[in-house]
Structures are given as structure tokens and as C-alpha cells.
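Trainee: Questions regarding the structure given below will be posed in turn.
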Amino acid sequence: MGKSKWTKALFALLLVLLLALAACNGGDDEDAGTDTDDGADSEETDDDATEDDDGDDAAEDDGLYSIEDFDQIKNNEGEAMDGGTLNFGLVTDTPFEGTLNWNWYSGTYDSEILNWFDEGLLTWDENYVYTNDGAATYEVNDDGNVFTFTIGEDVNWHDGEPVTAEDWLFAHEVIGHPDYDGPRYGADFTNIEGMEEYRAQFQDDEGETIDLSIEEAESIAGIEVIDDKTLEITYIQSTPSLLTGSIWTYPLAKHVFEDMEVADMSSSAEVREEPMGFGPFIVESIVPGESVTMSKNEDYWRGEPNLDEVVVKVIDPSVVVNELETGGVDTVNSFPVDQFPDNADMSNVEYLGIIDRAYTYIGFKLGTWDADNAEVATDPDMKMADPALRQAMWHAVDNDAVGERFYHGLRWNATTLIPPSHPEFHDETNPGRTFDPDEANRLLDEAGYEDVDGDGMREDPDGEELVINFASMSGGDTAEPLAQYYIQSWADVGLEVQLIDGRLLEFNQFYDRVGESGDDDPEVDIYQGAWTVGIDVDPTGLYGRQAIYNFSRYSSDENDALLEDGVSEDAFDVEYRQDVYNEWQEFMVEEVPVFPTVYRADLVPVNNRVHNYYIGDGTGMYRWDIAVTEEEAPAAD
């Protein structure tokens, strides 16, 4: 790869990312704050998650904790044994969906399972930039738009067949097919040369799918199989996002799926009952929605894993503490932070913690999903269409109090839609909309939302009854009181908000009703959700016009322009890209299609018998490294 303008710009990008992360970490060599709802890699910290520098309880004075009190990599105690079983808990009050293939999954819990037995062909570092340390390596041409990938010779599917360039191409062909029913197709794919033309050949003038198989069709012009292990992809636009998340790195085993209709793949046994990957563990059995048992993949390309077996099982939030105390599970995907203060001294675990690459938010339904055109259709006549109403609802809630009251400081007031896990692009100078009931009342008064009938609740500007239907998820102990807190806060400024169907919704039902499949429930006016954001800062996948995950269904020309500018050639200049995303963050504070409520600490307790456990990105550690020191997990004293 030559020293082109593109590569020099990339070097400058990496330098700024490194400096920004160092500044965020206060000079420590830990806490490269990131996510892990998607089970990403991570890096190390201190050894006592609950004490400050003086050895005193970090919450002793005010009952509050800080993410800075936690480490990212577990300390190893004792000597690791050969083999053993790790028991991993999925903390949820609902069954996992069981869409166990990266090309179709959409739920957090499915991704947690996938991380044990499958992986992407590329890895990334603590700065969220793709490396050459994964199952495949890459080279880029001087213009930054042609990538040549080479898959390792020893990278094989669990059935022994090699992972090939044809498999990688096949994943792109399936996702690009109009009968594909997953959430992946969007701007990252349409940026591939020839992708839209490829998709169009499967449809007639009315948009109906015609009888043409993938094998019979012309393939994607911008993707070329060079040989069994080498793939070349040409992108229309060279963007800084290509090295930080916009490349689809998950192949699809062509020898398994090629004889299926695309529309049938996601519901097939090969996705739901007998999923296969090329990761460190192999799926042996599944109890649908409840558990997955996996054995080690002795042929794993990095080497033979330390563990013999991994068992992933669903644990209700109400019993997670008991499961950890008794050694029923060694660790969990995430620990309810509201339960941490009462269990901070649990003797048989060490708590790990990072800044989650995520935020919780309130969303406003502003349109529907146009499946025919695969884009949002914003409707100016929606109940929540007035920006003043949305602005007022943000001003009406005190998210500082939410973070302290419900989460003991381990969640905290959110201000913009780019979280502090991306410190180089999070605008820390932007206050968002602060808690200000007087301003909320002023905005509502000026917009014509008045209490016409004297019952204490405001009517809409036409004098009609205004009842706002609120969809919120069930979960831990805080789910119900938190939803009621928001409802009361809005009532305090005269807005009648009620839970849809009068209750909280379980995880899968919630996402069905807010439109994960493209069917927006017209009864939903507002909703409380949470996003784990991508390793790339580009928010197009959540707020772009063609993003099915844009559940608010908001769109505008200005939003389109800002999102496009953020991935333009000019955006290789990091300062330019920062300016664009600062402008976008401010724009969303004004428009408020959604508003962030709290940023989040991700806490994970890990049994003392476990070695080499980590959370977050960029540690250089992987699942095959994990080991245990004894057969059974010790219980708490």
C-alpha cells in the first residue's frame, strides 16, 4: 500500500484517535472505554473494583460509584487447569430469539451466544480500526476504495470445510437479495460498486421478486473472487468508516445455504437449531430460548482453546445474584448496575467495568417504514411531529437524578447521540437539553398545548384530547419504577402519558412493535430503547433514511447531508469530521427525533476461578484464551 494522500490521512486519523483515547483515560493504560453488548474484546486495569486509591469504599461518602473504579481485564489467581467448563449467564427475563448467524441476528442476546462460536474475519484495535491480526488480512489501494482480503489457510468451518472467498461473496449476495429478511442491507452495502444493480435484477418493474436464483444471476460487479482465499471489494466512495466498521466481515457457508431460498434461510435449522461458525467453540445442543452447550473447536485457527466446554444459559435478573454467589454461573453478559451496591463485596467474584459503547434513549414515532423503497417515510401528521413537544418532553425529565437514584452513579446524564465511549467525536461541550420544567411548560404553551378542559392535562393545539402511548421494556427491578418516573415527570408538565397496553413489554415483543421487522405498530407514540453503537462513529445505521433501525422514522434533507458529509473524502481530516459530527449532535438536540437519557457503565462480575477474562475492545485477548483453575466454581463465603 503506497504512501498516498489517503494513507497519510489515515495515519493522521489514527494519531488523533490515540491521543484522544489517552486524554480520556487520564494517562492510564487502561479504561479505553467501549461497549460490550456485542461481546467485543478489551484491555486491562487495576485489581480492586470497589475501592478508591486510599482503599476506602468508593461510595462511602455519597452512595455513588464511578466507572473509574473498575478494571477491564480480570486478575488471574491460582494456576489454570487443562480443560474445564465455563458457565456463562445471559441476564434477561425473556427467552433469547435464537437467530444464530451474524448475517441475520438483531438481538443482543443472540450476539452474546454468537461471540462464543463464530466471529468476523477481521479484528479491530482499541481505536476501533481494523487490524491484520484476525482470520483475514487486508491491503488497500492508494485511492482507499479497493480492498484485497486474504483469508488464512487454516481458517475452517466447524464441519472441516475451508472458509473461502466464495463464502464471503455469498454473504454479500444473500444480504443484497430483495428476499433477504435481516437488518444488514443499507448504506454499507450500497457503497459497494454494482450492489444496487445486482439487487435490481431480482425484481420486476413493480418491485416483485422474479424467479432468478443467485447462481443464475449476474454477481456483484464490485466483488471479485481472486482465488479460494482472496477476495477483492471495490467501494464507490472511499470513507474513513471503511476502516472502522463499514466492511461486512462475516462470511456465510455457501456449501450449507446455497440450495435454500433466500427467504427461508433465517428460519432454517442451520440458523436456529444447528448453527455453525469458525470460532473457538462448536454448538453441540440448543434448548430453544434457554441455553446453548458448546464444545471446544480443536481446529480453531488461533489454536486449541483452553476450555473443553462453554454453557450459555438464560438467567432471570431476579436470581442473577444467587447464581453468582452459589457458583451456578462463572460470569454474565452484563450485571444489573442497580444491584451492585448491595453486592459489591461478593467474595467469589471480581467486578470488571468499562464505559459502555451504548446509551438509553426516548424515541418519538414520526413515520413508518416504507418496505417497497427500503427507507423511512416521515409523516408530518404524526402525533409527535411538533419539535416543541419533543423538546419539552426532554426538558421535563431529570436524568442526573435517574442516574443517581436508579443506578448509583453507574449510569449518568446523557447529552448527545454520540456517547463518551467515542471521546474523539463525543461533543462534551454540548449540554443537550437540561432538566428545566419551566422551559418545558413555556415550549408547550407557545406551541398551543393547553389545558382546555381544566383537568390538569394538556390538549393538543386543536383542543383534542392528547394521550401519548409509551412502549417500554420489562427487565430488572428498575424497569417499572423508571418508566413510572418518566410518566410522572411528563404529567408534571401537563402531558398524559400511559404505558401501551398498561404494562411493560418483554424484549422481543417490544422490538416487534417499534418496528424491527419494518411493521410499525401505529399505537406506539413514544418508546424507551437502548442502542449499542458501532465501532465506527458514523450514526447512519441508526438515524439514516435507509436504516430500518431508525425506529423513530425521522428523516430530513439536512440530516441526510450531515450524515453524508461525515463519511465524505473531506472527513479523512479528523478535525473536519469532528466539526461535522458536532454539528450533527447539535442538530439532533434541536430536532429531537429521539433524546438520550443516560450513558452507561457495563459491569461484569467474574468468578475467581476464571483466568484471562476481559471485556471491551483492544486487549489482544480472545475467547480461546479463557481458562479455569478448578472443576467447580467456588461459592461466596
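Following the order of the C-alpha cells, first chain is A, next is B, and so on, with residues numbered from 1 inside each chain and ligands from 1 in the order they appear.
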As a PyMOL selection string, please: the residues near Asp451 (chain A) (cut-off 9 Å, only C-alpha atoms, same-chain neighbours under 3 positions excluded).
Mentor: chain A and resi 454-460+463+494
Trainee: Write out as a PyMOL selection string which residues come within 8 Å of Asp538 (chain A) when counting only C-alpha atoms, dropping same-chain ones fewer than 5 positions away.
Mentor: chain A and resi 241+563+566-567
Trainee: Have a look at CA of Lys365 (chain A) and CA of Ser552 (chain A) and let me know their distance in Å, one decimal.
Mentor: 4.6 Å
Trainee: Which is closer to Gly89 (chain A) than all the others in A:Ala636, A:Val174, A:Val402, A:Val604, using only C-alpha atoms?
Mentor: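 Looking only at the distances to Gly89 (chain A), the closest residue turns out to be A:Val604.
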Trainee: Extract the full set of strand (DSSP E) residues from region 302-533 of chain A according to DSSP on the backbone, and format it as an MDAnalysis selection string.
Mentor: chainID A and resid 309:315 331:332 349:364 367:370 375:378 411:413 467:472 496:499 526:532
Trainee: Could you take the residues named above and write them with N, CA and C atoms, as a short mmCIF file (atom, residue, chain, number, x, y, z; two decimals), in the first residue's frame?
Mentor:
```cif
data_model
loop_
_atom_site.label_atom_id
_atom_site.label_comp_id
_atom_site.auth_asym_id
_atom_site.auth_seq_id
_atom_site.Cartn_x
_atom_site.Cartn_y
_atom_site.Cartn_z
N GLU A 309 -15.45 -26.81 27.34
CA GLU A 309 -16.88 -26.61 27.11
C GLU A 309 -17.30 -25.24 27.62
N VAL A 310 -18.30 -24.68 26.94
CA VAL A 310 -18.96 -23.45 27.40
C VAL A 310 -20.47 -23.71 27.38
N VAL A 311 -21.13 -23.37 28.47
CA VAL A 311 -22.58 -23.47 28.55
C VAL A 311 -23.14 -22.06 28.75
N VAL A 312 -23.96 -21.63 27.82
CA VAL A 312 -24.62 -20.33 27.91
C VAL A 312 -26.07 -20.57 28.29
N LYS A 313 -26.54 -19.91 29.35
CA LYS A 313 -27.92 -20.13 29.77
C LYS A 313 -28.56 -18.83 30.22
N VAL A 314 -29.86 -18.74 30.01
CA VAL A 314 -30.63 -17.56 30.40
C VAL A 314 -30.81 -17.55 31.91
N ILE A 315 -30.59 -16.38 32.52
CA ILE A 315 -30.80 -16.19 33.95
C ILE A 315 -31.70 -14.98 34.15
N THR A 331 -19.83 -16.18 35.14
CA THR A 331 -19.94 -14.77 34.78
C THR A 331 -21.22 -14.56 34.00
N VAL A 332 -21.52 -13.32 33.67
CA VAL A 332 -22.75 -12.97 32.96
C VAL A 332 -22.42 -11.95 31.88
N VAL A 349 -16.16 -13.27 43.41
CA VAL A 349 -16.06 -12.68 42.08
C VAL A 349 -15.20 -11.43 42.11
N GLU A 350 -14.72 -11.06 40.94
CA GLU A 350 -14.11 -9.75 40.72
C GLU A 350 -14.96 -9.02 39.69
N TYR A 351 -15.31 -7.77 39.97
CA TYR A 351 -16.11 -6.98 39.04
C TYR A 351 -15.22 -6.27 38.04
N LEU A 352 -15.52 -6.45 36.76
CA LEU A 352 -14.89 -5.69 35.69
C LEU A 352 -15.85 -4.61 35.24
N GLY A 353 -15.32 -3.52 34.68
CA GLY A 353 -16.20 -2.44 34.24
C GLY A 353 -15.57 -1.59 33.16
N ILE A 354 -16.39 -1.13 32.25
CA ILE A 354 -15.97 -0.21 31.19
C ILE A 354 -17.10 0.77 30.91
N ILE A 355 -16.77 1.87 30.22
CA ILE A 355 -17.80 2.75 29.68
C ILE A 355 -18.45 2.00 28.53
N ASP A 356 -19.72 1.77 28.63
CA ASP A 356 -20.42 1.02 27.61
C ASP A 356 -20.51 1.84 26.32
N ARG A 357 -20.29 1.17 25.21
CA ARG A 357 -20.47 1.83 23.90
C ARG A 357 -21.97 1.81 23.60
N ALA A 358 -22.71 2.56 24.40
CA ALA A 358 -24.16 2.46 24.37
C ALA A 358 -24.81 3.65 25.07
N TYR A 359 -26.10 3.80 24.87
CA TYR A 359 -26.89 4.78 25.62
C TYR A 359 -28.35 4.34 25.60
N THR A 360 -29.07 4.75 26.61
CA THR A 360 -30.52 4.56 26.67
C THR A 360 -31.16 5.84 26.13
N TYR A 361 -32.35 5.70 25.55
CA TYR A 361 -32.96 6.88 24.92
C TYR A 361 -34.48 6.77 24.90
N ILE A 362 -35.12 7.93 24.73
CA ILE A 362 -36.55 8.01 24.45
C ILE A 362 -36.71 8.38 22.99
N GLY A 363 -37.51 7.59 22.27
CA GLY A 363 -37.74 7.84 20.85
C GLY A 363 -39.18 8.26 20.59
N PHE A 364 -39.37 9.06 19.55
CA PHE A 364 -40.69 9.56 19.16
C PHE A 364 -41.04 9.02 17.78
N GLY A 367 -43.13 8.51 11.82
CA GLY A 367 -43.45 7.99 10.49
C GLY A 367 -43.50 6.48 10.53
N THR A 368 -43.33 5.88 9.36
CA THR A 368 -43.38 4.43 9.22
C THR A 368 -42.24 3.98 8.32
N TRP A 369 -42.08 2.69 8.19
CA TRP A 369 -41.07 2.12 7.30
C TRP A 369 -41.71 1.81 5.95
N ASP A 370 -41.12 2.33 4.89
CA ASP A 370 -41.58 2.08 3.52
C ASP A 370 -40.79 0.89 2.99
N GLU A 375 -36.85 2.46 2.95
CA GLU A 375 -36.45 3.69 3.62
C GLU A 375 -37.58 4.16 4.54
N VAL A 376 -37.24 5.08 5.44
CA VAL A 376 -38.27 5.61 6.33
C VAL A 376 -39.17 6.58 5.57
N ALA A 377 -40.41 6.61 5.99
CA ALA A 377 -41.37 7.55 5.42
C ALA A 377 -41.87 8.43 6.55
N THR A 378 -41.27 9.61 6.69
CA THR A 378 -41.63 10.52 7.76
C THR A 378 -42.99 11.16 7.46
N ARG A 411 -24.82 4.87 35.88
CA ARG A 411 -25.32 5.49 34.65
C ARG A 411 -25.42 6.98 34.95
N TRP A 412 -25.29 7.79 33.93
CA TRP A 412 -25.24 9.23 34.18
C TRP A 412 -25.85 9.98 33.01
N ASN A 413 -26.21 11.22 33.26
CA ASN A 413 -26.95 12.04 32.30
C ASN A 413 -26.30 12.04 30.92
N VAL A 467 -53.33 11.90 24.48
CA VAL A 467 -52.83 10.78 25.27
C VAL A 467 -51.67 10.17 24.50
N ILE A 468 -50.51 10.11 25.13
CA ILE A 468 -49.29 9.64 24.48
C ILE A 468 -49.01 8.22 24.95
N ASN A 469 -48.98 7.28 24.01
CA ASN A 469 -48.78 5.86 24.33
C ASN A 469 -47.30 5.53 24.34
N PHE A 470 -46.84 4.95 25.44
CA PHE A 470 -45.43 4.78 25.74
C PHE A 470 -45.10 3.29 25.78
N ALA A 471 -44.17 2.84 24.93
CA ALA A 471 -43.69 1.46 24.94
C ALA A 471 -42.37 1.40 25.67
N SER A 472 -42.31 0.56 26.69
CA SER A 472 -41.07 0.40 27.45
C SER A 472 -40.90 -1.07 27.80
N GLU A 496 -50.27 13.79 29.42
CA GLU A 496 -50.76 12.48 29.83
C GLU A 496 -50.07 11.41 29.00
N VAL A 497 -49.22 10.63 29.66
CA VAL A 497 -48.50 9.53 29.01
C VAL A 497 -48.88 8.25 29.73
N GLN A 498 -49.16 7.20 28.97
CA GLN A 498 -49.53 5.93 29.58
C GLN A 498 -48.81 4.78 28.89
N LEU A 499 -48.49 3.75 29.67
CA LEU A 499 -47.86 2.57 29.09
C LEU A 499 -48.80 1.92 28.10
N ILE A 526 -44.37 6.92 21.66
CA ILE A 526 -43.01 7.10 22.14
C ILE A 526 -42.53 5.76 22.71
N TYR A 527 -41.23 5.61 22.85
CA TYR A 527 -40.70 4.34 23.35
C TYR A 527 -39.37 4.60 24.03
N GLN A 528 -39.02 3.73 24.95
CA GLN A 528 -37.72 3.79 25.62
C GLN A 528 -36.89 2.61 25.16
N GLY A 529 -35.77 2.88 24.49
CA GLY A 529 -34.91 1.83 24.00
C GLY A 529 -33.47 2.06 24.42
N ALA A 530 -32.59 1.25 23.89
CA ALA A 530 -31.16 1.40 24.16
C ALA A 530 -30.40 0.92 22.94
N TRP A 531 -29.34 1.63 22.61
CA TRP A 531 -28.51 1.24 21.49
C TRP A 531 -27.09 0.96 21.93
N THR A 532 -26.54 -0.14 21.45
CA THR A 532 -25.10 -0.34 21.44
C THR A 532 -24.62 0.20 20.10
#
```
Trainee: Excluding same-chain residues fewer than 5 positions from Asp570 (chain A), what lies within 10 Å of it counting only C-alpha atoms, as a list in words?
Mentor: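 With the cut-off at 10 Å, the set is Ala9, Thr239, Pro240, Asp565, Glu575, Tyr576 and Arg577 of chain A.
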Trainee: Convert the current residue selection to file output with N, CA and C atoms, as a PDB file, in the first residue's frame.
Mentor:
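Once written, selection-v2.pdb looks like this:
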```pdb
ATOM      1  N   ALA A   9      -3.674  10.503   5.342  1.00  0.00           N
ATOM      2  CA  ALA A   9      -4.848  10.941   6.110  1.00  0.00           C
ATOM      3  C   ALA A   9      -5.228   9.903   7.154  1.00  0.00           C
ATOM      4  N   THR A 239     -14.194   6.181   2.335  1.00  0.00           N
ATOM      5  CA  THR A 239     -14.595   6.938   3.510  1.00  0.00           C
ATOM      6  C   THR A 239     -13.773   6.483   4.710  1.00  0.00           C
ATOM      7  N   PRO A 240     -13.640   7.338   5.720  1.00  0.00           N
ATOM      8  CA  PRO A 240     -12.934   6.904   6.933  1.00  0.00           C
ATOM      9  C   PRO A 240     -13.634   5.759   7.639  1.00  0.00           C
ATOM     10  N   ASP A 565     -21.852  13.949   4.798  1.00  0.00           N
ATOM     11  CA  ASP A 565     -20.615  14.710   4.964  1.00  0.00           C
ATOM     12  C   ASP A 565     -19.678  14.022   5.949  1.00  0.00           C
ATOM     13  N   GLU A 575     -10.283  16.696  12.120  1.00  0.00           N
ATOM     14  CA  GLU A 575     -10.916  17.907  12.648  1.00  0.00           C
ATOM     15  C   GLU A 575     -12.180  18.244  11.866  1.00  0.00           C
ATOM     16  N   TYR A 576     -12.122  18.046  10.556  1.00  0.00           N
ATOM     17  CA  TYR A 576     -13.307  18.288   9.734  1.00  0.00           C
ATOM     18  C   TYR A 576     -14.434  17.343  10.158  1.00  0.00           C
ATOM     19  N   ARG A 577     -14.098  16.051  10.349  1.00  0.00           N
ATOM     20  CA  ARG A 577     -15.117  15.084  10.735  1.00  0.00           C
ATOM     21  C   ARG A 577     -15.670  15.403  12.119  1.00  0.00           C
TER      22      ARG A 577
END
```
Trainee: Please determine, counting only C-alpha atoms, which residue among A:Glu77, A:Asp520, A:Glu591, A:Glu197 has the shortest atom-to-atom distance to Asn608 (chain A).
Mentor: A:Glu77
Trainee: So which bits of region 194-313 of chain A end up helix (DSSP H, G or I) when you DSSP the backbone, as a list in words?
Mentor: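 Of region 194-313 of chain A, the ones in helix (DSSP H, G or I) are Met195, Glu196, Glu197, Tyr198, Arg199, Ala200, Pro240, Ser241, Leu242, Leu243, Lys254, His255, Val256, Phe257, Val262, Ala263, Asp264, Met265, Ala269, Glu270, Val271 and Arg272 of chain A.
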Trainee: Please determine, counting only C-alpha atoms, which residue among A:Asp436, A:Asp557, A:Asp154, A:Glu304 has the shortest atom-to-atom distance to Ala396 (chain A).
Mentor: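 The shortest atom-to-atom distance to Ala396 (chain A) comes from A:Asp436.
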Trainee: Select from region 125-168 of chain A every residue with an atom at most 12 Å from any atom of region 613-627 of chain A, then for each give the shortest pair of atoms and their distance in Å to one decimal, using only C-alpha atoms, rows by chain and rising number, as a tab-separated table.
Mentor:
```
residue	atom	partner	partner_atom	distance
A:Asp125	CA	A:Gly618	CA	4.4
A:Glu126	CA	A:Gly618	CA	3.8
A:Asn127	CA	A:Gly618	CA	7.5
A:Tyr128	CA	A:Asp617	CA	7.8
A:Val129	CA	A:Gly618	CA	9.6
A:Tyr130	CA	A:Gly618	CA	10.6
A:Thr131	CA	A:Gly618	CA	10.3
A:Asp133	CA	A:Gly620	CA	9.1
A:Gly134	CA	A:Gly620	CA	10.5
```
Trainee: Please produce, as JSON lines, a per-residue contact table for region 165-267 of chain A versus region 92-105 of chain A (criterion: any atom at most 8 Å away, only C-alpha atoms considered), showing the nearest atom pair and its distance in Å to one decimal, sorted by chain then residue number.
Mentor:
```
{"residue": "A:Ala171", "atom": "CA", "partner": "A:Asn103", "partner_atom": "CA", "distance": 7.2}
{"residue": "A:Ile175", "atom": "CA", "partner": "A:Asn103", "partner_atom": "CA", "distance": 7.4}
{"residue": "A:Asp181", "atom": "CA", "partner": "A:Trp104", "partner_atom": "CA", "distance": 7.6}
{"residue": "A:Gly182", "atom": "CA", "partner": "A:Trp104", "partner_atom": "CA", "distance": 4.7}
{"residue": "A:Pro183", "atom": "CA", "partner": "A:Trp104", "partner_atom": "CA", "distance": 6.7}
{"residue": "A:Arg184", "atom": "CA", "partner": "A:Asn103", "partner_atom": "CA", "distance": 7.0}
{"residue": "A:Tyr250", "atom": "CA", "partner": "A:Trp102", "partner_atom": "CA", "distance": 6.6}
{"residue": "A:Leu252", "atom": "CA", "partner": "A:Asn103", "partner_atom": "CA", "distance": 7.5}
{"residue": "A:Ser266", "atom": "CA", "partner": "A:Trp104", "partner_atom": "CA", "distance": 6.4}
{"residue": "A:Ser267", "atom": "CA", "partner": "A:Thr99", "partner_atom": "CA", "distance": 7.9}
```
Trainee: For each of A:Thr150, A:Trp124, A:Glu258, A:Phe117, take the minimum atom-to-atom distance to Glu274 (chain A), counting only C-alpha atoms, then give the residue where this is smallest.
Mentor: A:Phe117
Trainee: Can you tell me, as a list of chain:residue names, what residues are no more than 7 Å from Ile220 (chain A) when counting only C-alpha atoms, ignoring any on the same chain fewer than 3 positions away?
Mentor: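 Contacts, with the query itself left out: A:Gly194, A:Met195, A:Tyr198, A:Ile223.
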Trainee: Once you have the residues from the selection above, write them out as a PDB file, in the first residue's frame, restricted to N, CA, C and O atoms.
Mentor:
```pdb
ATOM      1  N   GLY A 194     -21.757  -1.781  -7.886  1.00  0.00           N
ATOM      2  CA  GLY A 194     -22.615  -2.772  -8.524  1.00  0.00           C
ATOM      3  C   GLY A 194     -23.644  -3.415  -7.612  1.00  0.00           C
ATOM      4  O   GLY A 194     -24.439  -4.248  -8.079  1.00  0.00           O
ATOM      5  N   MET A 195     -23.678  -3.068  -6.336  1.00  0.00           N
ATOM      6  CA  MET A 195     -24.615  -3.722  -5.410  1.00  0.00           C
ATOM      7  C   MET A 195     -26.068  -3.418  -5.771  1.00  0.00           C
ATOM      8  O   MET A 195     -26.921  -4.323  -5.804  1.00  0.00           O
ATOM      9  N   TYR A 198     -27.047  -5.247  -8.838  1.00  0.00           N
ATOM     10  CA  TYR A 198     -27.225  -6.661  -8.515  1.00  0.00           C
ATOM     11  C   TYR A 198     -28.615  -6.893  -7.920  1.00  0.00           C
ATOM     12  O   TYR A 198     -29.339  -7.813  -8.337  1.00  0.00           O
ATOM     13  N   ILE A 223     -17.304  -6.971  -6.458  1.00  0.00           N
ATOM     14  CA  ILE A 223     -16.701  -8.009  -5.621  1.00  0.00           C
ATOM     15  C   ILE A 223     -16.156  -9.099  -6.541  1.00  0.00           C
ATOM     16  O   ILE A 223     -16.897  -9.685  -7.330  1.00  0.00           O
TER      17      ILE A 223
END
```
Trainee: Do you know which residues are at most 7 Å from region 508-518 of chain A counting only C-alpha atoms, after dropping those on the same chain fewer than 3 positions away, and could you put them as a ChimeraX atom specification?
Mentor: /A:369,371,473,505,521,548-549,551
Trainee: Save the residues we just selected, N, CA and C atoms, as an mmCIF file, in the first residue's frame?
Mentor:
```
data_model
loop_
_atom_site.group_PDB
_atom_site.id
_atom_site.type_symbol
_atom_site.label_atom_id
_atom_site.label_comp_id
_atom_site.auth_asym_id
_atom_site.auth_seq_id
_atom_site.Cartn_x
_atom_site.Cartn_y
_atom_site.Cartn_z
ATOM 1 N N TRP A 369 -42.081 2.686 8.190
ATOM 2 C CA TRP A 369 -41.069 2.120 7.304
ATOM 3 C C TRP A 369 -41.707 1.806 5.951
ATOM 4 N N ALA A 371 -41.378 -0.298 3.086
ATOM 5 C CA ALA A 371 -40.654 -1.510 2.706
ATOM 6 C C ALA A 371 -40.368 -1.553 1.205
ATOM 7 N N MET A 473 -39.642 -1.519 27.897
ATOM 8 C CA MET A 473 -39.338 -2.929 28.096
ATOM 9 C C MET A 473 -39.347 -3.343 29.563
ATOM 10 N N LEU A 505 -43.401 -4.239 28.120
ATOM 11 C CA LEU A 505 -43.350 -5.267 27.086
ATOM 12 C C LEU A 505 -42.066 -6.075 27.215
ATOM 13 N N ASP A 521 -46.013 -0.493 14.809
ATOM 14 C CA ASP A 521 -47.313 -0.526 15.475
ATOM 15 C C ASP A 521 -47.832 0.907 15.588
ATOM 16 N N ILE A 548 -33.304 0.573 8.773
ATOM 17 C CA ILE A 548 -34.513 0.020 9.387
ATOM 18 C C ILE A 548 -34.485 0.207 10.899
ATOM 19 N N TYR A 549 -33.260 0.338 11.485
ATOM 20 C CA TYR A 549 -33.140 0.577 12.919
ATOM 21 C C TYR A 549 -33.488 2.017 13.301
ATOM 22 N N PHE A 551 -35.899 3.641 14.232
ATOM 23 C CA PHE A 551 -37.257 3.338 14.671
ATOM 24 C C PHE A 551 -38.124 4.577 14.810
#
```
Trainee: Need the shell around region 579-586 of chain A: protein/DNA/RNA residues with any atom at most 10 Å away, counting only C-alpha atoms. Skip same-chain ones fewer than 6 positions apart. Format as a list in words?
Mentor: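 The residues satisfying every condition are Thr415, Thr416, Leu417, Ile418, Phe425, His426, Asp427, Glu428, Thr429, Asn430, Pro431, Gly432, Val537, Asp538, Pro539, Glu558, Asn559, Ala561, Leu562, Leu563, Glu564, Asp565, Gly566, Val567, Ala571 and Val592 of chain A.
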Trainee: Could you name the residues that touch region 211-215 of chain A at 12 Å or less, counting only C-alpha atoms, but leaving out those on the same chain fewer than 6 positions away, as a PyMOL selection string?
Mentor: chain A and resi 166+169-180+198-204+254+257-263
Trainee: Could you jot down the CA of Glu68 (chain A) to CA of Val610 (chain A) separation for me, Å, one decimal place?
Mentor: 22.7 Å
